[in-house]
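Asks: Sending over work21.csv (CSV, C-alpha atoms).
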```csv
chain,number,residue,atom,x,y,z
A,1,MET,CA,-7.4,-24.5,-3.1
A,2,THR,CA,-9.1,-22.0,-5.5
A,3,SER,CA,-8.3,-18.4,-5.7
A,4,HIS,CA,-10.6,-16.1,-3.7
A,5,GLU,CA,-10.3,-12.7,-5.3
A,6,ALA,CA,-12.5,-10.0,-3.8
A,7,CYS,CA,-12.9,-6.4,-3.2
A,8,CYS,CA,-14.4,-4.4,-0.4
A,9,ILE,CA,-16.0,-1.2,-1.4
A,10,LEU,CA,-16.9,1.7,1.1
A,11,ASN,CA,-19.4,4.3,0.1
A,12,ALA,CA,-19.1,6.9,2.8
A,13,SER,CA,-21.2,9.4,0.8
A,14,ASP,CA,-24.9,10.2,1.2
A,15,GLN,CA,-25.8,8.9,-2.2
A,16,VAL,CA,-26.1,5.4,-3.7
A,17,ALA,CA,-22.9,4.6,-5.6
A,18,ARG,CA,-23.2,2.9,-9.1
A,19,VAL,CA,-20.1,0.9,-9.7
A,20,GLU,CA,-18.7,-0.6,-12.9
A,21,ILE,CA,-15.9,-3.1,-12.9
A,22,MET,CA,-13.9,-4.0,-16.1
A,23,ILE,CA,-11.6,-7.0,-16.1
A,24,PHE,CA,-8.4,-7.0,-18.3
A,25,PHE,CA,-6.4,-10.0,-19.5
A,26,GLU,CA,-3.0,-10.7,-21.0
A,27,SER,CA,-4.2,-12.0,-24.4
A,28,GLU,CA,-8.0,-11.4,-24.6
A,29,ASP,CA,-10.2,-8.4,-24.9
A,30,PRO,CA,-11.5,-7.0,-21.6
A,31,VAL,CA,-14.9,-8.1,-20.3
A,32,GLY,CA,-17.5,-6.1,-18.5
A,33,PRO,CA,-18.8,-3.8,-17.2
A,34,TYR,CA,-20.0,-5.7,-14.2
A,35,ARG,CA,-22.5,-3.4,-12.4
A,36,PHE,CA,-23.1,-3.1,-8.7
A,37,GLU,CA,-24.8,-0.6,-6.4
A,38,ILE,CA,-23.5,0.3,-2.9
A,39,GLY,CA,-26.0,2.0,-0.7
A,40,ALA,CA,-25.3,5.4,0.9
A,41,GLN,CA,-23.0,5.0,4.0
A,42,ARG,CA,-22.6,1.3,3.4
A,43,THR,CA,-19.8,-1.2,2.6
A,44,ARG,CA,-20.1,-4.1,0.2
A,45,HIS,CA,-17.9,-7.1,-0.3
A,46,LEU,CA,-17.7,-8.4,-3.9
A,47,ARG,CA,-16.2,-11.8,-4.8
A,48,PHE,CA,-14.9,-11.9,-8.4
A,49,ASN,CA,-15.7,-15.7,-8.6
A,50,ASN,CA,-19.3,-14.8,-8.2
A,51,PHE,CA,-19.5,-12.3,-11.1
A,52,GLU,CA,-22.0,-13.8,-13.6
A,53,ALA,CA,-23.1,-11.2,-16.2
A,54,PRO,CA,-22.0,-10.4,-18.9
A,55,LYS,CA,-19.9,-13.6,-18.3
A,56,LYS,CA,-18.0,-15.6,-15.7
A,57,ILE,CA,-14.3,-14.7,-15.2
A,58,PRO,CA,-12.2,-17.6,-16.3
A,59,ARG,CA,-10.6,-19.4,-13.2
A,60,ASP,CA,-7.0,-19.9,-14.2
A,61,THR,CA,-6.3,-16.7,-16.1
A,62,PRO,CA,-4.5,-13.8,-14.6
A,63,TYR,CA,-6.4,-10.5,-14.8
A,64,SER,CA,-6.5,-7.0,-13.5
A,65,SER,CA,-9.6,-5.0,-12.6
A,66,VAL,CA,-10.5,-1.3,-13.0
A,67,ILE,CA,-13.3,-0.1,-10.8
A,68,GLN,CA,-15.3,3.1,-11.6
A,69,SER,CA,-18.0,4.8,-9.6
A,70,ASP,CA,-20.3,7.8,-10.0
A,71,VAL,CA,-19.5,8.9,-6.4
A,72,PRO,CA,-16.2,8.8,-4.6
A,73,ILE,CA,-15.6,5.4,-3.0
A,74,VAL,CA,-12.8,3.5,-1.3
A,75,VAL,CA,-11.8,0.1,-2.7
A,76,GLN,CA,-9.7,-2.5,-1.0
A,77,HIS,CA,-8.7,-5.3,-3.3
A,78,THR,CA,-7.7,-8.6,-1.6
A,79,ARG,CA,-6.6,-11.9,-3.0
A,80,LEU,CA,-6.0,-15.2,-1.3
A,81,ASP,CA,-4.6,-18.3,-2.9
A,82,SER,CA,-2.4,-21.2,-2.0
A,83,ARG,CA,0.9,-19.7,-3.2
A,84,GLN,CA,0.8,-16.4,-1.3
A,85,ALA,CA,-0.2,-15.0,2.0
A,86,GLU,CA,-2.2,-11.9,1.2
A,87,ASN,CA,-2.0,-9.1,-1.4
A,88,ALA,CA,-3.7,-5.9,-0.5
A,89,LEU,CA,-4.1,-2.9,-2.8
A,90,LEU,CA,-5.9,0.3,-2.0
A,91,SER,CA,-7.2,2.4,-4.9
A,92,THR,CA,-9.8,5.1,-5.2
A,93,ILE,CA,-11.3,5.9,-8.6
A,94,ALA,CA,-14.2,8.1,-9.5
A,95,PHE,CA,-15.7,9.2,-12.8
A,96,PRO,CA,-18.5,11.6,-13.4
A,97,SER,CA,-21.8,9.9,-14.2
A,98,ASP,CA,-24.0,10.8,-17.2
B,1,MET,CA,-8.9,-16.5,17.7
B,2,THR,CA,-10.6,-13.2,17.7
B,3,SER,CA,-9.9,-10.4,15.3
B,4,HIS,CA,-7.5,-7.6,16.5
B,5,GLU,CA,-8.3,-4.6,14.4
B,6,ALA,CA,-6.2,-1.6,15.2
B,7,CYS,CA,-4.8,1.6,13.9
B,8,CYS,CA,-1.7,3.5,14.7
B,9,ILE,CA,-1.9,7.3,14.4
B,10,LEU,CA,1.1,9.6,14.1
B,11,ASN,CA,0.6,13.2,14.8
B,12,ALA,CA,3.9,14.8,13.7
B,13,SER,CA,2.5,18.3,14.1
B,14,ASP,CA,3.0,20.8,16.9
B,15,GLN,CA,-0.7,20.8,17.9
B,16,VAL,CA,-2.9,18.2,19.6
B,17,ALA,CA,-4.9,16.3,16.9
B,18,ARG,CA,-8.6,15.8,17.6
B,19,VAL,CA,-9.6,12.6,15.7
B,20,GLU,CA,-13.1,11.2,14.9
B,21,ILE,CA,-13.6,7.7,13.6
B,22,MET,CA,-16.8,6.6,11.9
B,23,ILE,CA,-17.5,2.8,11.4
B,24,PHE,CA,-19.5,1.7,8.3
B,25,PHE,CA,-21.3,-1.7,7.8
B,26,GLU,CA,-22.9,-3.6,5.0
B,27,SER,CA,-26.5,-3.5,6.2
B,28,GLU,CA,-26.7,-1.1,9.2
B,29,ASP,CA,-26.3,2.6,9.7
B,30,PRO,CA,-22.8,3.8,10.5
B,31,VAL,CA,-21.9,4.3,14.2
B,32,GLY,CA,-19.8,7.0,15.7
B,33,PRO,CA,-18.0,9.3,15.9
B,34,TYR,CA,-15.6,7.7,18.3
B,35,ARG,CA,-13.4,10.6,19.5
B,36,PHE,CA,-9.7,10.5,20.5
B,37,GLU,CA,-6.9,13.0,21.0
B,38,ILE,CA,-3.3,12.5,19.9
B,39,GLY,CA,-0.7,14.7,21.5
B,40,ALA,CA,1.6,17.0,19.5
B,41,GLN,CA,4.5,14.9,18.2
B,42,ARG,CA,3.2,11.7,19.5
B,43,THR,CA,1.9,8.4,18.2
B,44,ARG,CA,-1.2,6.5,19.5
B,45,HIS,CA,-2.3,2.9,19.0
B,46,LEU,CA,-6.1,2.4,19.0
B,47,ARG,CA,-7.7,-1.0,19.1
B,48,PHE,CA,-11.2,-1.1,17.6
B,49,ASN,CA,-12.3,-3.9,20.0
B,50,ASN,CA,-11.8,-1.4,22.8
B,51,PHE,CA,-14.1,1.3,21.4
B,52,GLU,CA,-16.9,1.8,24.0
B,53,ALA,CA,-18.8,5.0,23.2
B,54,PRO,CA,-21.2,5.7,21.6
B,55,LYS,CA,-21.4,1.8,21.4
B,56,LYS,CA,-19.2,-1.4,21.1
B,57,ILE,CA,-18.4,-2.5,17.5
B,58,PRO,CA,-20.1,-5.8,16.9
B,59,ARG,CA,-17.5,-8.7,16.8
B,60,ASP,CA,-18.4,-10.7,13.7
B,61,THR,CA,-19.6,-8.0,11.4
B,62,PRO,CA,-17.4,-6.7,8.6
B,63,TYR,CA,-16.9,-3.0,8.7
B,64,SER,CA,-14.9,-0.1,7.3
B,65,SER,CA,-13.6,2.9,9.1
B,66,VAL,CA,-13.2,6.6,8.1
B,67,ILE,CA,-10.8,8.6,10.2
B,68,GLN,CA,-10.9,12.4,10.3
B,69,SER,CA,-8.6,14.8,12.1
B,70,ASP,CA,-8.3,18.6,12.6
B,71,VAL,CA,-4.6,18.5,11.8
B,72,PRO,CA,-2.8,16.3,9.2
B,73,ILE,CA,-2.0,12.9,10.6
B,74,VAL,CA,-0.7,9.6,9.3
B,75,VAL,CA,-2.8,6.5,9.9
B,76,GLN,CA,-1.7,2.9,9.6
B,77,HIS,CA,-4.5,0.4,9.8
B,78,THR,CA,-3.7,-3.2,10.7
B,79,ARG,CA,-5.8,-6.3,11.1
B,80,LEU,CA,-4.8,-9.7,12.4
B,81,ASP,CA,-7.0,-12.7,12.4
B,82,SER,CA,-6.7,-16.4,12.0
B,83,ARG,CA,-7.5,-16.5,8.3
B,84,GLN,CA,-4.9,-14.0,7.0
B,85,ALA,CA,-1.4,-12.9,7.5
B,86,GLU,CA,-1.6,-9.2,7.7
B,87,ASN,CA,-3.4,-6.5,5.9
B,88,ALA,CA,-1.8,-3.1,6.0
B,89,LEU,CA,-3.4,0.1,4.6
B,90,LEU,CA,-2.0,3.5,4.7
B,91,SER,CA,-4.3,6.5,4.5
B,92,THR,CA,-4.1,10.1,5.4
B,93,ILE,CA,-7.2,12.2,5.9
B,94,ALA,CA,-7.6,15.7,7.2
B,95,PHE,CA,-10.5,18.0,7.5
B,96,PRO,CA,-10.6,21.7,8.7
B,97,SER,CA,-11.8,22.0,12.2
B,98,ASP,CA,-14.4,24.6,13.2
C,1,MET,CA,13.1,-13.0,18.0
C,2,THR,CA,13.9,-9.3,17.9
C,3,SER,CA,12.1,-6.9,15.6
C,4,HIS,CA,14.0,-6.0,12.4
C,5,GLU,CA,12.6,-2.7,11.3
C,6,ALA,CA,14.2,-1.2,8.2
C,7,CYS,CA,13.7,1.1,5.3
C,8,CYS,CA,15.0,0.9,1.8
C,9,ILE,CA,15.6,4.3,0.2
C,10,LEU,CA,15.9,4.8,-3.6
C,11,ASN,CA,17.5,8.0,-4.9
C,12,ALA,CA,16.9,7.9,-8.6
C,13,SER,CA,18.0,11.5,-9.0
C,14,ASP,CA,21.4,12.8,-10.2
C,15,GLN,CA,22.3,14.4,-6.9
C,16,VAL,CA,23.3,13.0,-3.5
C,17,ALA,CA,20.2,12.9,-1.2
C,18,ARG,CA,20.6,14.1,2.4
C,19,VAL,CA,18.0,12.3,4.5
C,20,GLU,CA,16.8,13.1,8.0
C,21,ILE,CA,14.7,10.6,10.0
C,22,MET,CA,12.7,11.6,13.1
C,23,ILE,CA,11.3,8.9,15.4
C,24,PHE,CA,8.0,9.5,17.3
C,25,PHE,CA,6.7,7.7,20.4
C,26,GLU,CA,3.5,7.4,22.4
C,27,SER,CA,4.7,9.0,25.6
C,28,GLU,CA,8.1,10.5,25.0
C,29,ASP,CA,9.5,13.4,22.9
C,30,PRO,CA,10.6,12.5,19.4
C,31,VAL,CA,14.3,11.7,18.9
C,32,GLY,CA,16.5,12.7,15.9
C,33,PRO,CA,17.2,13.7,13.4
C,34,TYR,CA,19.2,10.7,12.3
C,35,ARG,CA,21.2,11.8,9.2
C,36,PHE,CA,22.1,9.7,6.2
C,37,GLU,CA,23.3,10.3,2.6
C,38,ILE,CA,22.2,8.2,-0.4
C,39,GLY,CA,24.4,8.5,-3.5
C,40,ALA,CA,23.0,9.7,-6.8
C,41,GLN,CA,21.2,6.8,-8.6
C,42,ARG,CA,21.7,4.5,-5.7
C,43,THR,CA,19.6,2.6,-3.1
C,44,ARG,CA,20.4,2.3,0.6
C,45,HIS,CA,19.0,-0.1,3.2
C,46,LEU,CA,18.8,1.3,6.7
C,47,ARG,CA,18.1,-0.8,9.8
C,48,PHE,CA,16.5,1.2,12.7
C,49,ASN,CA,18.2,-1.1,15.2
C,50,ASN,CA,21.6,0.2,14.0
C,51,PHE,CA,20.8,3.9,14.5
C,52,GLU,CA,23.3,5.2,17.0
C,53,ALA,CA,23.3,9.0,17.1
C,54,PRO,CA,21.8,11.1,18.6
C,55,LYS,CA,20.8,7.9,20.6
C,56,LYS,CA,19.7,4.3,20.2
C,57,ILE,CA,16.0,3.6,19.6
C,58,PRO,CA,14.6,1.7,22.5
C,59,ARG,CA,13.9,-1.9,21.6
C,60,ASP,CA,10.4,-2.6,23.0
C,61,THR,CA,8.7,0.8,22.5
C,62,PRO,CA,6.4,1.3,19.5
C,63,TYR,CA,7.4,4.2,17.3
C,64,SER,CA,6.7,5.9,14.0
C,65,SER,CA,9.2,7.4,11.6
C,66,VAL,CA,9.1,10.5,9.4
C,67,ILE,CA,11.7,10.6,6.7
C,68,GLN,CA,12.7,13.9,4.9
C,69,SER,CA,15.0,14.4,2.0
C,70,ASP,CA,16.4,17.4,0.1
C,71,VAL,CA,15.8,15.6,-3.2
C,72,PRO,CA,12.8,13.4,-4.1
C,73,ILE,CA,13.3,9.8,-2.9
C,74,VAL,CA,11.2,6.6,-2.7
C,75,VAL,CA,11.0,4.9,0.7
C,76,GLN,CA,9.9,1.4,1.4
C,77,HIS,CA,9.4,0.7,5.1
C,78,THR,CA,9.5,-2.9,6.2
C,79,ARG,CA,9.1,-4.6,9.5
C,80,LEU,CA,9.6,-8.2,10.4
C,81,ASP,CA,8.9,-9.8,13.8
C,82,SER,CA,7.6,-12.9,15.3
C,83,ARG,CA,4.0,-12.0,15.4
C,84,GLN,CA,3.4,-10.9,11.8
C,85,ALA,CA,4.4,-11.8,8.3
C,86,GLU,CA,5.4,-8.6,6.7
C,87,ASN,CA,4.1,-5.1,6.7
C,88,ALA,CA,5.1,-2.9,3.8
C,89,LEU,CA,4.4,0.8,3.5
C,90,LEU,CA,5.4,3.0,0.6
C,91,SER,CA,5.8,6.7,1.2
C,92,THR,CA,7.5,9.5,-0.6
C,93,ILE,CA,8.4,12.7,1.2
C,94,ALA,CA,10.6,15.7,0.1
C,95,PHE,CA,11.4,19.0,1.6
C,96,PRO,CA,13.4,21.9,0.1
C,97,SER,CA,16.9,22.1,1.4
C,98,ASP,CA,18.5,25.3,2.6
D,1,MET,CA,14.6,-21.1,-3.0
D,2,THR,CA,15.3,-18.4,-5.5
D,3,SER,CA,13.7,-14.9,-5.4
D,4,HIS,CA,10.8,-14.4,-7.8
D,5,GLU,CA,10.6,-10.7,-8.3
D,6,ALA,CA,7.9,-9.7,-10.8
D,7,CYS,CA,5.6,-6.9,-11.7
D,8,CYS,CA,2.2,-6.9,-13.3
D,9,ILE,CA,1.4,-4.0,-15.6
D,10,LEU,CA,-2.1,-3.0,-16.6
D,11,ASN,CA,-2.5,-0.8,-19.7
D,12,ALA,CA,-6.2,0.1,-19.6
D,13,SER,CA,-5.8,2.7,-22.3
D,14,ASP,CA,-6.6,2.4,-26.0
D,15,GLN,CA,-2.9,2.7,-27.1
D,16,VAL,CA,0.1,0.4,-26.9
D,17,ALA,CA,2.2,1.3,-23.9
D,18,ARG,CA,6.0,1.4,-24.4
D,19,VAL,CA,7.6,0.8,-21.0
D,20,GLU,CA,11.1,1.3,-19.8
D,21,ILE,CA,12.5,-0.2,-16.6
D,22,MET,CA,15.7,1.0,-14.8
D,23,ILE,CA,17.3,-1.1,-12.0
D,24,PHE,CA,19.2,0.7,-9.2
D,25,PHE,CA,21.7,-0.8,-6.8
D,26,GLU,CA,23.5,0.1,-3.6
D,27,SER,CA,27.0,0.3,-4.9
D,28,GLU,CA,26.8,0.0,-8.7
D,29,ASP,CA,25.6,2.2,-11.5
D,30,PRO,CA,22.0,1.5,-12.6
D,31,VAL,CA,21.3,-0.8,-15.5
D,32,GLY,CA,18.7,-0.5,-18.2
D,33,PRO,CA,16.5,0.5,-19.7
D,34,TYR,CA,14.8,-2.8,-20.2
D,35,ARG,CA,12.1,-2.2,-22.8
D,36,PHE,CA,8.6,-3.8,-23.1
D,37,GLU,CA,5.4,-3.2,-24.9
D,38,ILE,CA,1.9,-3.8,-23.3
D,39,GLY,CA,-0.9,-4.0,-25.8
D,40,ALA,CA,-3.9,-1.6,-25.6
D,41,GLN,CA,-6.4,-2.9,-22.9
D,42,ARG,CA,-4.1,-5.7,-21.8
D,43,THR,CA,-2.1,-6.8,-18.8
D,44,ARG,CA,1.4,-8.2,-18.8
D,45,HIS,CA,3.4,-10.0,-16.2
D,46,LEU,CA,7.2,-9.4,-16.2
D,47,ARG,CA,9.6,-11.5,-14.2
D,48,PHE,CA,12.8,-9.6,-13.4
D,49,ASN,CA,14.8,-12.9,-13.4
D,50,ASN,CA,14.0,-13.2,-17.1
D,51,PHE,CA,15.3,-9.8,-18.1
D,52,GLU,CA,18.2,-10.4,-20.6
D,53,ALA,CA,19.1,-7.2,-22.4
D,54,PRO,CA,21.1,-5.0,-21.8
D,55,LYS,CA,22.2,-7.5,-19.2
D,56,LYS,CA,20.9,-10.0,-16.6
D,57,ILE,CA,20.1,-8.6,-13.1
D,58,PRO,CA,22.5,-10.1,-10.6
D,59,ARG,CA,20.7,-12.7,-8.4
D,60,ASP,CA,21.9,-11.9,-4.8
D,61,THR,CA,22.1,-8.1,-5.0
D,62,PRO,CA,19.3,-5.9,-3.6
D,63,TYR,CA,17.9,-3.5,-6.1
D,64,SER,CA,15.0,-1.1,-6.8
D,65,SER,CA,13.2,-0.5,-10.0
D,66,VAL,CA,11.8,2.6,-11.7
D,67,ILE,CA,9.2,2.0,-14.4
D,68,GLN,CA,8.3,4.6,-16.9
D,69,SER,CA,5.6,4.5,-19.7
D,70,ASP,CA,4.5,6.7,-22.5
D,71,VAL,CA,0.8,6.1,-21.5
D,72,PRO,CA,-0.6,5.9,-18.0
D,73,ILE,CA,-0.3,2.4,-16.6
D,74,VAL,CA,-0.8,0.7,-13.3
D,75,VAL,CA,2.0,-1.3,-11.9
D,76,GLN,CA,1.8,-3.9,-9.1
D,77,HIS,CA,5.2,-5.0,-7.9
D,78,THR,CA,5.5,-8.4,-6.1
D,79,ARG,CA,8.3,-10.3,-4.5
D,80,LEU,CA,8.4,-13.8,-3.2
D,81,ASP,CA,11.3,-15.3,-1.4
D,82,SER,CA,12.1,-17.7,1.4
D,83,ARG,CA,12.4,-15.1,4.1
D,84,GLN,CA,9.1,-13.2,3.7
D,85,ALA,CA,5.5,-13.8,2.9
D,86,GLU,CA,4.6,-11.2,0.3
D,87,ASN,CA,5.5,-7.6,-0.4
D,88,ALA,CA,3.1,-5.7,-2.5
D,89,LEU,CA,3.7,-2.2,-3.8
D,90,LEU,CA,1.4,-0.2,-6.0
D,91,SER,CA,2.8,2.7,-8.1
D,92,THR,CA,1.8,4.5,-11.2
D,93,ILE,CA,4.4,6.4,-13.2
D,94,ALA,CA,4.0,8.1,-16.6
D,95,PHE,CA,6.3,10.3,-18.7
D,96,PRO,CA,5.6,12.0,-22.0
D,97,SER,CA,7.2,10.1,-24.9
D,98,ASP,CA,9.2,11.9,-27.6
```
Can you present the structure in this file as structure tokens?
Replies:
Amino acid sequence: MTSHEACCILNASDQVARVEIMIFFESEDPVGPYRFEIGAQRTRHLRFNNFEAPKKIPRDTPYSSVIQSDVPIVVQHTRLDSRQAENALLSTIAFPSD
Amino acid sequence: MTSHEACCILNASDQVARVEIMIFFESEDPVGPYRFEIGAQRTRHLRFNNFEAPKKIPRDTPYSSVIQSDVPIVVQHTRLDSRQAENALLSTIAFPSD
Amino acid sequence: MTSHEACCILNASDQVARVEIMIFFESEDPVGPYRFEIGAQRTRHLRFNNFEAPKKIPRDTPYSSVIQSDVPIVVQHTRLDSRQAENALLSTIAFPSD
Amino acid sequence: MTSHEACCILNASDQVARVEIMIFFESEDPVGPYRFEIGAQRTRHLRFNNFEAPKKIPRDTPYSSVIQSDVPIVVQHTRLDSRQAENALLSTIAFPSD
């Protein structure tokens, strides 16, 4: 069974949220940013396995993600694999856009 | 097995809490507010499947909820379905009432 | 299988922590405070089923707890029962002592 | 089955993070600090069972950990054992270094 790492993003604001995700590893430089838009007053479900550009995330390498947005968002990070039940993290991160 | 999404609200204050819940979707406009009261120094368990007005929440559509209250409350959001063990989120949101 | 609701309290400070726990219900007045001390630089595991004074917590009634301490503490609340895997909440609450 | 307590630390900053972990018990003095470095823009996975100096953590004794770092870090604490599914805690702690 492969790992299904995903995050669900809620943009409850009245503006489109431009989101950037950086992926960090134990012994490699971080990759990204992966860029997404979440419509005003919408949710969006992102599967890390489906990230394509700038490059695919390696399958069997542990990683952490940092998610930044130009409007306040709510992020729920979930992970499902064969060794564990479920691992849920809530974090909210925002940075001012240029 | 159907999904049993619920939240447990604690109002530890000395006043009745008037709570409004908005539901957000991936490709539809948000619905709500669903309105509830939680007595002073009481807890209340709300099942999203039982929300009726302004309309039922569709069964097989992912959604996020935003809960607002006129007094500080504690919200524990739980979800049980056949694919996952349990997914617990703690969030506290308050807004000044008019 | 009975429910085993418990909390684990960490007092990383250099002073004894005096802790008070209030229990809130859906349709009854809250009970408490239940009083405990946690030594300086110690952890303590409390099982809600074992709370005796001012009175036992009823077994089949949902409740919420509010934990207050005269020094900053870390509280991890856990619950195990037959219907769910595990439900972990982290909260930190402090109030000034008299 | 033995307990596999671990934490995953993310250092998203541009500087090496020097981390100190203290372990607290119910009826013994705390032990530590255990010292680790996490490279700039790297993650690191630490298993508590592998901590050696100043001394091994006893296997069957409940404990809590406090993690401090000289740069802001993100810590995800996980625990797997035979009695529970998974227990995830997110905490972020920073202190100024000398």
Asks: Please check which residues have atoms at most 7 Å from (6.6, 8.8, 19.4) in the file's coordinates, counting only C-alpha atoms, and write them as a ChimeraX atom specification.
Replies: /B:41-43 /C:23-30,63-64
Asks: Using Å and a single decimal, report how far atom CA of Phe48 of chain D sits from atom CA of Val74 of chain D.
Replies: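 Taking atom CA of Val74 of chain D and atom CA of Phe48 of chain D, their separation equals 17.1 Å.
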Asks: Compare A:Gln76, A:Gln68, A:Asn50, A:Thr61 by their minimum atom-to-atom distance to Met22 of chain A, counting only C-alpha atoms, and give me the closest one.
Replies: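 Looking at the shortest contact to Met22 of chain A, the residue is A:Gln68.
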Asks: Of the candidates B:Ile67, B:Ile57, B:Val75, B:Val19, which shows the shortest atom-to-atom distance to chain C, using all atoms listed in the file?
Replies: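 Checking each of B:Ile67, B:Ile57, B:Val75, B:Val19 against chain C, counting all atoms listed in the file, the winner is B:Val75.
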Asks: Using all atoms listed in the file, determine which residues lie at most 8 Å from Pro54 of chain D, disregarding the query and same-chain residues fewer than 4 positions distant; provide the list as a PyMOL selection string.
Replies: chain D and resi 31-34
Asks: To one decimal place, how far is atom CA of His45 of chain D from atom CA of Glu5 of chain D in Å?
Replies: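 Taking atom CA of His45 of chain D and atom CA of Glu5 of chain D, their separation equals 10.7 Å.
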Asks: In Å to one decimal, how far is atom CA of Cys7 of chain A from atom CA of Glu52 of chain B?
Replies: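 Between atom CA of Glu52 of chain B and atom CA of Cys7 of chain A the gap is 28.7 Å.
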Asks: Can you pull out the residues contacting Val16 of chain B? Cut-off 7 Å, using all atoms listed in the file, and skip same-chain residues under 6 positions away; I want them as number ranges by chain.
Replies: B: 37-40
Asks: Could those selected residues go to a file with C-alpha atoms, as a tab-separated table (two decimals), in the frame of the given file?
Replies:
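Contents of the output file again23.tsv:
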```tsv
chain	number	residue	atom	x	y	z
B	37	GLU	CA	-6.90	13.00	21.00
B	38	ILE	CA	-3.30	12.50	19.90
B	39	GLY	CA	-0.70	14.70	21.50
B	40	ALA	CA	1.60	17.00	19.50
```
Asks: Can you complete the atoms of segment 40-51 of chain D to N, CA and C atoms and list them as a PDB file, keeping the file's coordinate frame?
Replies:
```pdb
ATOM      1  N   ALA D  40      -2.794  -2.447 -25.998  1.00  0.00           N
ATOM      2  CA  ALA D  40      -3.900  -1.600 -25.600  1.00  0.00           C
ATOM      3  C   ALA D  40      -4.926  -2.559 -24.840  1.00  0.00           C
ATOM      4  N   GLN D  41      -5.394  -2.141 -23.665  1.00  0.00           N
ATOM      5  CA  GLN D  41      -6.400  -2.900 -22.900  1.00  0.00           C
ATOM      6  C   GLN D  41      -5.909  -4.306 -22.553  1.00  0.00           C
ATOM      7  N   ARG D  42      -4.630  -4.406 -22.204  1.00  0.00           N
ATOM      8  CA  ARG D  42      -4.100  -5.700 -21.800  1.00  0.00           C
ATOM      9  C   ARG D  42      -3.261  -5.566 -20.538  1.00  0.00           C
ATOM     10  N   THR D  43      -3.049  -6.717 -19.870  1.00  0.00           N
ATOM     11  CA  THR D  43      -2.100  -6.800 -18.800  1.00  0.00           C
ATOM     12  C   THR D  43      -0.875  -7.560 -19.221  1.00  0.00           C
ATOM     13  N   ARG D  44       0.230  -7.359 -18.515  1.00  0.00           N
ATOM     14  CA  ARG D  44       1.400  -8.200 -18.800  1.00  0.00           C
ATOM     15  C   ARG D  44       2.199  -8.380 -17.542  1.00  0.00           C
ATOM     16  N   HIS D  45       2.646  -9.617 -17.356  1.00  0.00           N
ATOM     17  CA  HIS D  45       3.400 -10.000 -16.200  1.00  0.00           C
ATOM     18  C   HIS D  45       4.847 -10.146 -16.548  1.00  0.00           C
ATOM     19  N   LEU D  46       5.722  -9.419 -15.845  1.00  0.00           N
ATOM     20  CA  LEU D  46       7.200  -9.400 -16.200  1.00  0.00           C
ATOM     21  C   LEU D  46       7.937  -9.960 -14.974  1.00  0.00           C
ATOM     22  N   ARG D  47       8.762 -10.983 -15.217  1.00  0.00           N
ATOM     23  CA  ARG D  47       9.600 -11.500 -14.200  1.00  0.00           C
ATOM     24  C   ARG D  47      11.029 -10.924 -14.320  1.00  0.00           C
ATOM     25  N   PHE D  48      11.529 -10.258 -13.270  1.00  0.00           N
ATOM     26  CA  PHE D  48      12.800  -9.600 -13.400  1.00  0.00           C
ATOM     27  C   PHE D  48      13.959 -10.606 -13.634  1.00  0.00           C
ATOM     28  N   ASN D  49      13.808 -11.834 -13.132  1.00  0.00           N
ATOM     29  CA  ASN D  49      14.800 -12.900 -13.400  1.00  0.00           C
ATOM     30  C   ASN D  49      14.989 -13.162 -14.876  1.00  0.00           C
ATOM     31  N   ASN D  50      13.959 -12.881 -15.657  1.00  0.00           N
ATOM     32  CA  ASN D  50      14.000 -13.200 -17.100  1.00  0.00           C
ATOM     33  C   ASN D  50      14.524 -12.023 -17.932  1.00  0.00           C
ATOM     34  N   PHE D  51      14.813 -10.895 -17.309  1.00  0.00           N
ATOM     35  CA  PHE D  51      15.300  -9.800 -18.100  1.00  0.00           C
ATOM     36  C   PHE D  51      16.697 -10.141 -18.634  1.00  0.00           C
TER      37      PHE D  51
END
```
